[in-house]
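Chemist: Okay, so here is protein24.txt, and as you'll see once you scroll down, it has compact mmCIF, N, CA and C atoms.
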# COMPACT_ATOMS: atom_id res chain seq x y z
N MET A 1084 -11.37 14.91 -0.87
CA MET A 1084 -10.68 14.09 0.09
C MET A 1084 -9.74 14.99 0.88
N GLU A 1085 -9.66 14.73 2.17
CA GLU A 1085 -8.75 15.53 2.99
C GLU A 1085 -8.21 14.69 4.13
N CYS A 1086 -7.12 15.18 4.69
CA CYS A 1086 -6.46 14.51 5.80
C CYS A 1086 -5.65 15.56 6.55
N THR A 1087 -5.66 15.47 7.87
CA THR A 1087 -4.84 16.37 8.69
C THR A 1087 -3.83 15.53 9.43
N VAL A 1088 -2.56 15.92 9.35
CA VAL A 1088 -1.49 15.19 10.03
C VAL A 1088 -0.90 16.10 11.09
N ASN A 1089 -0.86 15.61 12.33
CA ASN A 1089 -0.32 16.37 13.46
C ASN A 1089 0.89 15.68 14.04
N TRP A 1090 1.92 16.46 14.29
CA TRP A 1090 3.14 15.97 14.94
C TRP A 1090 2.85 15.79 16.42
N THR A 1091 3.21 14.63 16.96
CA THR A 1091 2.97 14.37 18.38
C THR A 1091 4.16 14.76 19.24
N GLY A 1092 5.26 15.15 18.63
CA GLY A 1092 6.47 15.50 19.38
C GLY A 1092 6.28 16.70 20.29
N GLY A 1093 5.40 17.61 19.93
CA GLY A 1093 5.15 18.77 20.78
C GLY A 1093 4.42 18.41 22.05
N LEU A 1094 3.69 17.29 22.03
CA LEU A 1094 2.95 16.85 23.20
C LEU A 1094 3.80 15.99 24.13
N ASN A 1095 4.73 15.26 23.54
CA ASN A 1095 5.54 14.32 24.31
C ASN A 1095 6.95 14.37 23.75
N THR A 1096 7.87 14.92 24.49
CA THR A 1096 9.22 15.10 23.96
C THR A 1096 9.93 13.78 23.70
N ARG A 1097 9.42 12.66 24.20
CA ARG A 1097 10.01 11.35 23.93
C ARG A 1097 9.61 10.85 22.55
N SER A 1098 8.58 11.43 21.95
CA SER A 1098 8.10 11.01 20.65
C SER A 1098 8.58 11.99 19.60
N GLY A 1099 9.86 11.93 19.27
CA GLY A 1099 10.47 12.90 18.39
C GLY A 1099 9.87 13.02 17.01
N MET A 1100 9.52 11.89 16.37
CA MET A 1100 9.04 11.94 14.99
C MET A 1100 7.75 11.15 14.81
N GLY A 1101 6.87 11.21 15.79
CA GLY A 1101 5.57 10.57 15.68
C GLY A 1101 4.53 11.52 15.11
N PHE A 1102 3.59 10.97 14.36
CA PHE A 1102 2.53 11.77 13.75
C PHE A 1102 1.21 11.03 13.84
N VAL A 1103 0.12 11.77 13.97
CA VAL A 1103 -1.22 11.21 13.94
C VAL A 1103 -1.94 11.84 12.75
N ALA A 1104 -2.48 10.98 11.90
CA ALA A 1104 -3.26 11.46 10.76
C ALA A 1104 -4.73 11.27 11.06
N GLU A 1105 -5.51 12.28 10.78
CA GLU A 1105 -6.97 12.22 10.91
C GLU A 1105 -7.54 12.37 9.51
N THR A 1106 -8.22 11.33 9.04
CA THR A 1106 -8.73 11.33 7.68
C THR A 1106 -10.08 12.03 7.60
N GLY A 1107 -10.42 12.44 6.41
CA GLY A 1107 -11.71 13.08 6.18
C GLY A 1107 -12.88 12.16 6.47
N SER A 1108 -12.66 10.85 6.44
CA SER A 1108 -13.72 9.90 6.73
C SER A 1108 -13.83 9.59 8.22
N GLY A 1109 -13.04 10.31 9.04
CA GLY A 1109 -13.17 10.18 10.48
C GLY A 1109 -12.31 9.13 11.15
N HIS A 1110 -11.27 8.67 10.48
CA HIS A 1110 -10.39 7.66 11.06
C HIS A 1110 -9.04 8.28 11.42
N THR A 1111 -8.37 7.66 12.36
CA THR A 1111 -7.03 8.12 12.74
C THR A 1111 -6.04 6.98 12.56
N LEU A 1112 -4.81 7.36 12.26
CA LEU A 1112 -3.73 6.38 12.18
C LEU A 1112 -2.44 7.04 12.61
N MET A 1113 -1.57 6.22 13.13
CA MET A 1113 -0.28 6.69 13.63
C MET A 1113 0.81 6.43 12.59
N MET A 1114 1.83 7.28 12.62
CA MET A 1114 3.04 7.08 11.83
C MET A 1114 4.21 7.46 12.71
N ASP A 1115 5.35 6.86 12.47
CA ASP A 1115 6.54 7.18 13.26
C ASP A 1115 7.77 6.97 12.38
N GLY A 1116 8.86 7.56 12.79
CA GLY A 1116 10.12 7.41 12.08
C GLY A 1116 10.97 6.34 12.73
N ALA A 1117 12.02 5.98 12.03
CA ALA A 1117 12.98 5.03 12.57
C ALA A 1117 13.84 5.73 13.62
N PRO A 1118 14.27 5.01 14.65
CA PRO A 1118 15.20 5.60 15.62
C PRO A 1118 16.49 6.03 14.93
N ASP A 1119 17.07 7.11 15.40
CA ASP A 1119 18.33 7.61 14.87
C ASP A 1119 19.35 7.58 16.00
N ALA A 1120 20.24 6.59 15.96
CA ALA A 1120 21.22 6.42 17.04
C ALA A 1120 22.17 7.61 17.14
N ALA A 1121 22.52 8.20 15.98
CA ALA A 1121 23.46 9.32 15.98
C ALA A 1121 22.83 10.59 16.54
N LYS A 1122 21.56 10.83 16.22
CA LYS A 1122 20.85 12.02 16.70
C LYS A 1122 19.47 11.59 17.16
N PRO A 1123 19.35 11.08 18.39
CA PRO A 1123 18.06 10.56 18.88
C PRO A 1123 16.92 11.58 18.77
N GLU A 1124 17.22 12.85 18.90
CA GLU A 1124 16.17 13.86 18.82
C GLU A 1124 15.58 13.98 17.42
N ASN A 1125 16.28 13.46 16.41
CA ASN A 1125 15.80 13.52 15.03
C ASN A 1125 15.10 12.23 14.60
N GLY A 1126 15.11 11.23 15.44
CA GLY A 1126 14.53 9.95 15.07
C GLY A 1126 13.21 9.69 15.76
N GLY A 1127 12.57 8.62 15.34
CA GLY A 1127 11.33 8.21 15.96
C GLY A 1127 11.58 7.12 16.99
N GLN A 1128 10.50 6.50 17.42
CA GLN A 1128 10.61 5.43 18.41
C GLN A 1128 10.15 4.09 17.86
N ASN A 1129 9.92 4.01 16.57
CA ASN A 1129 9.48 2.78 15.93
C ASN A 1129 8.16 2.27 16.52
N LEU A 1130 7.25 3.20 16.81
CA LEU A 1130 5.96 2.84 17.42
C LEU A 1130 4.85 2.63 16.40
N ALA A 1131 5.11 2.96 15.16
CA ALA A 1131 4.09 2.86 14.12
C ALA A 1131 4.79 2.77 12.76
N PRO A 1132 4.04 2.48 11.71
CA PRO A 1132 4.65 2.40 10.37
C PRO A 1132 5.25 3.74 9.94
N ARG A 1133 6.24 3.66 9.07
CA ARG A 1133 6.83 4.85 8.46
C ARG A 1133 5.83 5.40 7.44
N PRO A 1134 5.88 6.70 7.16
CA PRO A 1134 4.96 7.27 6.18
C PRO A 1134 5.03 6.58 4.81
N LEU A 1135 6.22 6.23 4.32
CA LEU A 1135 6.31 5.57 3.02
C LEU A 1135 5.78 4.14 3.07
N GLU A 1136 5.87 3.49 4.23
CA GLU A 1136 5.24 2.17 4.38
C GLU A 1136 3.73 2.31 4.24
N MET A 1137 3.19 3.40 4.78
CA MET A 1137 1.75 3.65 4.66
C MET A 1137 1.36 3.87 3.20
N LEU A 1138 2.21 4.57 2.46
CA LEU A 1138 1.96 4.79 1.04
C LEU A 1138 1.93 3.46 0.29
N LEU A 1139 2.89 2.59 0.59
CA LEU A 1139 2.94 1.28 -0.05
C LEU A 1139 1.73 0.44 0.36
N ALA A 1140 1.39 0.47 1.65
CA ALA A 1140 0.22 -0.28 2.14
C ALA A 1140 -1.07 0.23 1.50
N GLY A 1141 -1.19 1.54 1.37
CA GLY A 1141 -2.37 2.11 0.73
C GLY A 1141 -2.50 1.69 -0.72
N THR A 1142 -1.38 1.60 -1.40
CA THR A 1142 -1.38 1.14 -2.78
C THR A 1142 -1.83 -0.31 -2.85
N GLY A 1143 -1.34 -1.12 -1.93
CA GLY A 1143 -1.76 -2.52 -1.87
C GLY A 1143 -3.25 -2.65 -1.60
N GLY A 1144 -3.75 -1.84 -0.68
CA GLY A 1144 -5.18 -1.87 -0.38
C GLY A 1144 -6.02 -1.43 -1.57
N CYS A 1145 -5.55 -0.42 -2.27
CA CYS A 1145 -6.27 0.11 -3.44
C CYS A 1145 -6.38 -0.95 -4.53
N THR A 1146 -5.28 -1.60 -4.86
CA THR A 1146 -5.30 -2.57 -5.95
C THR A 1146 -6.01 -3.86 -5.54
N ALA A 1147 -5.85 -4.30 -4.29
CA ALA A 1147 -6.56 -5.51 -3.84
C ALA A 1147 -8.07 -5.28 -3.85
N TYR A 1148 -8.49 -4.09 -3.45
CA TYR A 1148 -9.91 -3.72 -3.49
C TYR A 1148 -10.45 -3.88 -4.91
N ASP A 1149 -9.70 -3.32 -5.87
CA ASP A 1149 -10.10 -3.42 -7.27
C ASP A 1149 -10.21 -4.87 -7.73
N VAL A 1150 -9.19 -5.66 -7.43
CA VAL A 1150 -9.15 -7.05 -7.90
C VAL A 1150 -10.34 -7.82 -7.35
N VAL A 1151 -10.61 -7.69 -6.05
CA VAL A 1151 -11.75 -8.40 -5.46
C VAL A 1151 -13.06 -7.93 -6.10
N LEU A 1152 -13.23 -6.62 -6.24
CA LEU A 1152 -14.47 -6.09 -6.81
C LEU A 1152 -14.67 -6.57 -8.25
N ILE A 1153 -13.62 -6.53 -9.04
CA ILE A 1153 -13.73 -6.96 -10.44
C ILE A 1153 -14.08 -8.44 -10.52
N LEU A 1154 -13.44 -9.26 -9.68
CA LEU A 1154 -13.74 -10.69 -9.68
C LEU A 1154 -15.17 -10.96 -9.21
N LYS A 1155 -15.62 -10.25 -8.17
CA LYS A 1155 -16.99 -10.44 -7.69
C LYS A 1155 -18.00 -10.01 -8.74
N ARG A 1156 -17.71 -8.91 -9.43
CA ARG A 1156 -18.62 -8.45 -10.49
C ARG A 1156 -18.68 -9.45 -11.64
N GLY A 1157 -17.60 -10.20 -11.82
CA GLY A 1157 -17.57 -11.24 -12.84
C GLY A 1157 -18.20 -12.54 -12.35
N ARG A 1158 -18.81 -12.48 -11.17
CA ARG A 1158 -19.50 -13.62 -10.55
C ARG A 1158 -18.57 -14.79 -10.25
N HIS A 1159 -17.31 -14.46 -9.94
CA HIS A 1159 -16.36 -15.48 -9.53
C HIS A 1159 -16.43 -15.64 -8.02
N GLU A 1160 -16.28 -16.86 -7.56
CA GLU A 1160 -16.40 -17.15 -6.13
C GLU A 1160 -15.05 -16.94 -5.45
N VAL A 1161 -14.67 -15.67 -5.33
CA VAL A 1161 -13.41 -15.32 -4.67
C VAL A 1161 -13.63 -15.32 -3.16
N ARG A 1162 -12.71 -15.95 -2.44
CA ARG A 1162 -12.84 -16.06 -0.98
C ARG A 1162 -11.69 -15.41 -0.24
N GLY A 1163 -10.65 -15.07 -0.95
CA GLY A 1163 -9.52 -14.42 -0.31
C GLY A 1163 -8.64 -13.73 -1.34
N CYS A 1164 -8.00 -12.68 -0.92
CA CYS A 1164 -7.07 -11.97 -1.81
C CYS A 1164 -6.02 -11.28 -0.95
N SER A 1165 -4.78 -11.54 -1.25
CA SER A 1165 -3.70 -10.80 -0.59
C SER A 1165 -2.72 -10.35 -1.66
N VAL A 1166 -2.02 -9.29 -1.36
CA VAL A 1166 -1.00 -8.79 -2.28
C VAL A 1166 0.22 -8.41 -1.45
N LYS A 1167 1.35 -8.97 -1.83
CA LYS A 1167 2.62 -8.63 -1.18
C LYS A 1167 3.37 -7.67 -2.08
N LEU A 1168 3.65 -6.49 -1.55
CA LEU A 1168 4.35 -5.47 -2.32
C LEU A 1168 5.80 -5.41 -1.85
N THR A 1169 6.71 -5.44 -2.81
CA THR A 1169 8.13 -5.31 -2.54
C THR A 1169 8.62 -4.11 -3.34
N ALA A 1170 9.23 -3.15 -2.65
CA ALA A 1170 9.62 -1.91 -3.32
C ALA A 1170 11.10 -1.62 -3.16
N GLU A 1171 11.64 -0.98 -4.17
CA GLU A 1171 13.01 -0.45 -4.14
C GLU A 1171 12.91 1.07 -4.24
N ARG A 1172 13.86 1.73 -3.56
CA ARG A 1172 13.87 3.19 -3.57
C ARG A 1172 15.16 3.73 -4.15
N ALA A 1173 15.11 4.96 -4.62
CA ALA A 1173 16.30 5.63 -5.15
C ALA A 1173 17.33 5.79 -4.03
N ASP A 1174 18.59 5.82 -4.40
CA ASP A 1174 19.68 5.96 -3.43
C ASP A 1174 19.84 7.39 -2.94
N THR A 1175 19.39 8.36 -3.74
CA THR A 1175 19.57 9.76 -3.38
C THR A 1175 18.21 10.44 -3.18
N GLU A 1176 18.23 11.56 -2.48
CA GLU A 1176 17.01 12.33 -2.22
C GLU A 1176 16.49 12.94 -3.51
N PRO A 1177 15.23 12.99 -3.74
CA PRO A 1177 14.19 12.33 -2.95
C PRO A 1177 14.21 10.83 -3.22
N LYS A 1178 14.13 10.04 -2.20
CA LYS A 1178 14.24 8.59 -2.32
C LYS A 1178 12.90 7.97 -2.71
N VAL A 1179 12.48 8.30 -3.94
CA VAL A 1179 11.20 7.82 -4.46
C VAL A 1179 11.27 6.32 -4.71
N PHE A 1180 10.12 5.70 -4.80
CA PHE A 1180 10.07 4.30 -5.22
C PHE A 1180 10.49 4.24 -6.68
N THR A 1181 11.40 3.32 -7.00
CA THR A 1181 11.85 3.16 -8.38
C THR A 1181 11.36 1.85 -8.99
N ALA A 1182 11.05 0.87 -8.16
CA ALA A 1182 10.55 -0.42 -8.64
C ALA A 1182 9.63 -1.00 -7.57
N ILE A 1183 8.49 -1.51 -8.00
CA ILE A 1183 7.54 -2.15 -7.10
C ILE A 1183 7.05 -3.42 -7.76
N ASN A 1184 7.09 -4.53 -7.01
CA ASN A 1184 6.48 -5.77 -7.48
C ASN A 1184 5.28 -6.05 -6.59
N MET A 1185 4.17 -6.39 -7.22
CA MET A 1185 2.95 -6.76 -6.50
C MET A 1185 2.66 -8.22 -6.82
N HIS A 1186 2.73 -9.07 -5.80
CA HIS A 1186 2.41 -10.49 -5.99
C HIS A 1186 1.08 -10.78 -5.31
N PHE A 1187 0.10 -11.14 -6.10
CA PHE A 1187 -1.26 -11.42 -5.62
C PHE A 1187 -1.44 -12.91 -5.38
N THR A 1188 -2.14 -13.22 -4.31
CA THR A 1188 -2.59 -14.59 -4.07
C THR A 1188 -4.11 -14.51 -3.93
N VAL A 1189 -4.80 -15.13 -4.87
CA VAL A 1189 -6.26 -15.12 -4.88
C VAL A 1189 -6.74 -16.54 -4.56
N THR A 1190 -7.63 -16.64 -3.60
CA THR A 1190 -8.21 -17.91 -3.20
C THR A 1190 -9.69 -17.90 -3.55
N GLY A 1191 -10.16 -19.01 -4.07
CA GLY A 1191 -11.58 -19.10 -4.39
C GLY A 1191 -11.93 -20.46 -4.95
N LYS A 1192 -13.17 -20.59 -5.29
CA LYS A 1192 -13.67 -21.84 -5.84
C LYS A 1192 -13.79 -21.69 -7.36
N GLY A 1193 -12.89 -22.37 -8.08
CA GLY A 1193 -12.94 -22.35 -9.53
C GLY A 1193 -12.65 -21.01 -10.18
N VAL A 1194 -11.86 -20.17 -9.53
CA VAL A 1194 -11.55 -18.86 -10.11
C VAL A 1194 -10.51 -19.05 -11.22
N PRO A 1195 -10.84 -18.71 -12.46
CA PRO A 1195 -9.90 -18.91 -13.56
C PRO A 1195 -8.72 -17.93 -13.48
N ALA A 1196 -7.54 -18.45 -13.79
CA ALA A 1196 -6.33 -17.61 -13.79
C ALA A 1196 -6.49 -16.42 -14.74
N ALA A 1197 -7.15 -16.64 -15.86
CA ALA A 1197 -7.33 -15.55 -16.83
C ALA A 1197 -8.15 -14.41 -16.24
N ALA A 1198 -9.14 -14.74 -15.40
CA ALA A 1198 -9.95 -13.69 -14.77
C ALA A 1198 -9.12 -12.90 -13.76
N VAL A 1199 -8.25 -13.58 -13.03
CA VAL A 1199 -7.38 -12.90 -12.07
C VAL A 1199 -6.40 -11.99 -12.81
N GLU A 1200 -5.80 -12.52 -13.86
CA GLU A 1200 -4.86 -11.73 -14.66
C GLU A 1200 -5.54 -10.48 -15.21
N ARG A 1201 -6.76 -10.62 -15.70
CA ARG A 1201 -7.51 -9.49 -16.25
C ARG A 1201 -7.83 -8.47 -15.15
N ALA A 1202 -8.25 -8.94 -13.98
CA ALA A 1202 -8.58 -8.03 -12.87
C ALA A 1202 -7.35 -7.24 -12.43
N ILE A 1203 -6.22 -7.92 -12.33
CA ILE A 1203 -4.98 -7.23 -11.94
C ILE A 1203 -4.60 -6.19 -12.99
N SER A 1204 -4.69 -6.57 -14.25
CA SER A 1204 -4.36 -5.65 -15.34
C SER A 1204 -5.27 -4.43 -15.33
N MET A 1205 -6.57 -4.64 -15.15
CA MET A 1205 -7.51 -3.52 -15.12
C MET A 1205 -7.21 -2.59 -13.95
N SER A 1206 -6.90 -3.16 -12.78
CA SER A 1206 -6.57 -2.34 -11.63
C SER A 1206 -5.30 -1.53 -11.90
N HIS A 1207 -4.29 -2.22 -12.37
CA HIS A 1207 -2.97 -1.61 -12.59
C HIS A 1207 -3.01 -0.52 -13.66
N GLU A 1208 -3.79 -0.74 -14.70
CA GLU A 1208 -3.79 0.19 -15.83
C GLU A 1208 -4.85 1.29 -15.76
N LYS A 1209 -5.95 1.04 -14.99
CA LYS A 1209 -7.05 1.98 -15.05
C LYS A 1209 -7.61 2.43 -13.71
N TYR A 1210 -7.87 1.50 -12.79
CA TYR A 1210 -8.68 1.83 -11.63
C TYR A 1210 -7.91 2.24 -10.37
N CYS A 1211 -6.75 1.67 -10.11
CA CYS A 1211 -6.04 1.97 -8.86
C CYS A 1211 -5.26 3.27 -9.00
N SER A 1212 -5.83 4.33 -8.49
CA SER A 1212 -5.20 5.66 -8.60
C SER A 1212 -3.82 5.66 -7.96
N ALA A 1213 -3.67 4.95 -6.87
CA ALA A 1213 -2.38 4.93 -6.16
C ALA A 1213 -1.29 4.31 -7.02
N SER A 1214 -1.56 3.15 -7.62
CA SER A 1214 -0.52 2.52 -8.43
C SER A 1214 -0.26 3.29 -9.72
N VAL A 1215 -1.29 3.92 -10.27
CA VAL A 1215 -1.08 4.75 -11.46
C VAL A 1215 -0.15 5.92 -11.11
N MET A 1216 -0.37 6.55 -9.95
CA MET A 1216 0.51 7.65 -9.53
C MET A 1216 1.93 7.16 -9.29
N LEU A 1217 2.08 6.07 -8.56
CA LEU A 1217 3.42 5.56 -8.27
C LEU A 1217 4.11 5.10 -9.55
N GLY A 1218 3.33 4.68 -10.54
CA GLY A 1218 3.90 4.27 -11.81
C GLY A 1218 4.59 5.40 -12.56
N LYS A 1219 4.40 6.63 -12.12
CA LYS A 1219 5.09 7.77 -12.74
C LYS A 1219 6.57 7.79 -12.37
N THR A 1220 6.95 7.18 -11.24
CA THR A 1220 8.36 7.15 -10.83
C THR A 1220 8.90 5.74 -10.71
N ALA A 1221 8.03 4.75 -10.61
CA ALA A 1221 8.47 3.38 -10.37
C ALA A 1221 8.02 2.46 -11.49
N SER A 1222 8.86 1.51 -11.78
CA SER A 1222 8.47 0.43 -12.67
C SER A 1222 7.66 -0.56 -11.83
N ILE A 1223 6.41 -0.80 -12.23
CA ILE A 1223 5.55 -1.68 -11.45
C ILE A 1223 5.35 -2.99 -12.21
N THR A 1224 5.66 -4.08 -11.54
CA THR A 1224 5.45 -5.40 -12.10
C THR A 1224 4.45 -6.15 -11.22
N THR A 1225 3.76 -7.09 -11.84
CA THR A 1225 2.78 -7.89 -11.09
C THR A 1225 2.99 -9.37 -11.38
N SER A 1226 2.60 -10.17 -10.41
CA SER A 1226 2.57 -11.61 -10.58
C SER A 1226 1.42 -12.11 -9.71
N PHE A 1227 1.01 -13.36 -9.93
CA PHE A 1227 -0.12 -13.86 -9.14
C PHE A 1227 -0.11 -15.37 -9.09
N GLU A 1228 -0.86 -15.87 -8.14
CA GLU A 1228 -1.16 -17.29 -8.04
C GLU A 1228 -2.60 -17.44 -7.61
N VAL A 1229 -3.24 -18.50 -8.06
CA VAL A 1229 -4.62 -18.78 -7.69
C VAL A 1229 -4.62 -20.07 -6.89
N GLN A 1230 -5.26 -20.02 -5.74
CA GLN A 1230 -5.36 -21.19 -4.89
C GLN A 1230 -6.82 -21.61 -4.77
N GLU A 1231 -7.08 -22.88 -4.87
CA GLU A 1231 -8.42 -23.41 -4.72
C GLU A 1231 -8.77 -23.45 -3.24
N GLY A 1232 -9.93 -22.97 -2.93
CA GLY A 1232 -10.30 -23.03 -1.50
C GLY A 1232 -11.56 -22.30 -1.16
Before anything else, please render the file you have as structure tokens.
Modeler:
Amino acid sequence: MECTVNWTGGLNTRSGMGFVAETGSGHTLMMDGAPDAAKPENGGQNLAPRPLEMLLAGTGGCTAYDVVLILKRGRHEVRGCSVKLTAERADTEPKVFTAINMHFTVTGKGVPAAAVERAISMSHEKYCSASVMLGKTASITTSFEVQEG
């Protein structure tokens, strides 16, 4: 797996802390920093997600992928899955994630709560590389709800 990240500030002096990532699978995505009122040249323009937001989003995508796949393999009629991640960070540098809660909402026809709980547990403990890595610095908790639909 590979990714190249390029700073866009050299191309456009108005974009102080913008970056473009080019993934090994051929996709691009933007990242930007928060504006800095005290030192505008050190801040971004809020044109794209922050890099750590991307890390959190990637973790959510990784675990949701697992949950859907595990439920489908169990022949459950899952029709929707979302996960809301809420994270806390350390007060001092490096400001790593210290706590993350993942709340899953799974929608489907007759999907048993026990199957959802098992899928989340399997993702969290074994399959989601991102959450396993983040679990080295953060306490990760999960919760879920199942909606008929």
Chemist: At a cut-off of 7 Å from (-14.5, 13.1, 4.2) in the coordinates of the file, what residues are picked up using only C-alpha atoms, written as a list in words?
Modeler: Met1084, Glu1085, Thr1106, Gly1107 and Ser1108 of chain A
Chemist: Which neighbours of Lys1167 in chain A fall inside 7 Å, counting all atoms listed in the file, when residues of the same chain fewer than 3 positions from it are skipped, and could you give them as a list of chain:residue names?
Modeler: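 Once the adjacent positions are removed, what remains is A:Asn1184, A:Met1185, A:His1186, A:Phe1187, A:Thr1188.
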Chemist: Those same residues, written as a tab-separated table (two decimals), in the frame of the given file with N, CA and C atoms?
Modeler:
chain	number	residue	atom	x	y	z
A	1184	ASN	N	7.09	-4.53	-7.01
A	1184	ASN	CA	6.48	-5.77	-7.48
A	1184	ASN	C	5.28	-6.05	-6.59
A	1185	MET	N	4.17	-6.39	-7.22
A	1185	MET	CA	2.95	-6.76	-6.50
A	1185	MET	C	2.66	-8.22	-6.82
A	1186	HIS	N	2.73	-9.07	-5.80
A	1186	HIS	CA	2.41	-10.49	-5.99
A	1186	HIS	C	1.08	-10.78	-5.31
A	1187	PHE	N	0.10	-11.14	-6.10
A	1187	PHE	CA	-1.26	-11.42	-5.62
A	1187	PHE	C	-1.44	-12.91	-5.38
A	1188	THR	N	-2.14	-13.22	-4.31
A	1188	THR	CA	-2.59	-14.59	-4.07
A	1188	THR	C	-4.11	-14.51	-3.93
Chemist: Residues within 8 Å of Leu1112 in chain A, please, as number ranges by chain. Count all atoms listed in the file; anything in the same chain fewer than 2 positions from it doesn't count.
Modeler: A: 1102-1106, 1109-1110, 1114-1115, 1131-1132
Chemist: Name the residues in contact with Gln1128 in chain A at a cut-off of 6.5 Å, using only N, CA and C atoms, excluding same-chain residues fewer than 6 positions from it; report them as a list in words.
Modeler: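 After dropping sequence-adjacent residues, the list is Ser1098, Gly1099, Met1100, Gly1101, Asp1115, Gly1116, Ala1117 and Pro1118 of chain A.
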Chemist: Could you give me, as a tab-separated table, every range 1116-1172 of chain A residue with an atom at most 7 Å from range 1207-1228 of chain A, plus its closest atom pair and distance in Å to one decimal, counting only N, CA and C atoms, rows ordered by chain then number?
Modeler:
residue	atom	partner	partner_atom	distance
A:Gly1141	C	A:Ala1213	CA	6.3
A:Thr1142	CA	A:Ala1213	CA	5.2
A:Cys1145	C	A:Cys1211	CA	5.2
A:Thr1146	N	A:Cys1211	CA	5.4
A:Asp1149	CA	A:Cys1211	N	6.7
Chemist: For the atom pair atom C of Ala1197 in chain A and atom C of Leu1168 in chain A, what is the interatomic distance in Å to one decimal place?
Modeler: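 Taking atom C of Ala1197 in chain A and atom C of Leu1168 in chain A, their separation equals 22.0 Å.
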Chemist: Record the distance separating atom N of Ala1196 in chain A and atom C of Gln1230 in chain A, expressed in Å with one decimal.
Modeler: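 Interatomic distance here is 9.6 Å.
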Chemist: Check the DSSP output for the backbone and give back, as an MDAnalysis selection string, the residues of chain A in strand (DSSP E or B).
Modeler: chainID A and resid 1086:1090 1102:1106 1111:1114 1160:1172 1180:1192 1222:1231
Chemist: Could you pull out the residues in chain A that DSSP calls alpha helix (DSSP H) from the backbone, as a ChimeraX atom specification?
Modeler: /A:1134-1156,1196-1205,1212-1217
Chemist: Would you mind listing what lies within 10 Å of Arg1172 in chain A as JSON, numbers by chain, with only C-alpha atoms counted and same-chain residues fewer than 6 positions away left out?
Modeler: {"A": [1178, 1179, 1180, 1181, 1182, 1183, 1220, 1221]}
Chemist: Next, the residues of the selection above should be written as a PDB file, in the coordinates of the input with N, CA and C atoms.
Modeler:
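In the end it all went to selection07.pdb:
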ATOM      1  N   LYS A1178      14.130  10.040  -2.200  1.00  0.00           N
ATOM      2  CA  LYS A1178      14.240   8.590  -2.320  1.00  0.00           C
ATOM      3  C   LYS A1178      12.900   7.970  -2.710  1.00  0.00           C
ATOM      4  N   VAL A1179      12.480   8.300  -3.940  1.00  0.00           N
ATOM      5  CA  VAL A1179      11.200   7.820  -4.460  1.00  0.00           C
ATOM      6  C   VAL A1179      11.270   6.320  -4.710  1.00  0.00           C
ATOM      7  N   PHE A1180      10.120   5.700  -4.800  1.00  0.00           N
ATOM      8  CA  PHE A1180      10.070   4.300  -5.220  1.00  0.00           C
ATOM      9  C   PHE A1180      10.490   4.240  -6.680  1.00  0.00           C
ATOM     10  N   THR A1181      11.400   3.320  -7.000  1.00  0.00           N
ATOM     11  CA  THR A1181      11.850   3.160  -8.380  1.00  0.00           C
ATOM     12  C   THR A1181      11.360   1.850  -8.990  1.00  0.00           C
ATOM     13  N   ALA A1182      11.050   0.870  -8.160  1.00  0.00           N
ATOM     14  CA  ALA A1182      10.550  -0.420  -8.640  1.00  0.00           C
ATOM     15  C   ALA A1182       9.630  -1.000  -7.570  1.00  0.00           C
ATOM     16  N   ILE A1183       8.490  -1.510  -8.000  1.00  0.00           N
ATOM     17  CA  ILE A1183       7.540  -2.150  -7.100  1.00  0.00           C
ATOM     18  C   ILE A1183       7.050  -3.420  -7.760  1.00  0.00           C
ATOM     19  N   THR A1220       6.950   7.180 -11.240  1.00  0.00           N
ATOM     20  CA  THR A1220       8.360   7.150 -10.830  1.00  0.00           C
ATOM     21  C   THR A1220       8.900   5.740 -10.710  1.00  0.00           C
ATOM     22  N   ALA A1221       8.030   4.750 -10.610  1.00  0.00           N
ATOM     23  CA  ALA A1221       8.470   3.380 -10.370  1.00  0.00           C
ATOM     24  C   ALA A1221       8.020   2.460 -11.490  1.00  0.00           C
TER      25      ALA A1221
END
Chemist: Which residue gives the smallest distance to Val1161 in chain A among A:Glu1136, A:Gly1126, A:Glu1200, A:Gly1232, with only N, CA and C atoms counted?
Modeler: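 Of A:Glu1136, A:Gly1126, A:Glu1200, A:Gly1232, the one nearest Val1161 in chain A is A:Gly1232, counting only N, CA and C atoms.
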Chemist: Box for range 1145-1152 of chain A - axis-aligned, 5 Å on each of the six sides, all listed atoms - centre and size in Å to one decimal, as AutoDock Vina command-line options.
Modeler:
--center_x -10.0 --center_y -4.1 --center_z -5.3 --size_x 19.4 --size_y 18.5 --size_z 16.0
Chemist: Between CA of Val1229 in chain A and CA of Val1189 in chain A, what is the distance, to one decimal in Å?
Modeler: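 So the two atoms, CA of Val1229 in chain A and CA of Val1189 in chain A, lie 4.9 Å apart.
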Chemist: I need the residue nearest Arg1162 in chain A from this list: A:Ala1120, A:Lys1192, A:Cys1086, A:Arg1201. Use all atoms listed in the file for the distance.
Modeler: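 Looking at the shortest contact to Arg1162 in chain A, the residue is A:Lys1192.
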Chemist: Name the closest residue to Ser1206 in chain A among the candidates A:Val1150, A:Met1113, A:Asp1119, A:Asn1129; distances are taken between atoms, counting only N, CA and C atoms.
Modeler: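 Comparing A:Val1150, A:Met1113, A:Asp1119, A:Asn1129 against Ser1206 in chain A, the winner is A:Val1150.
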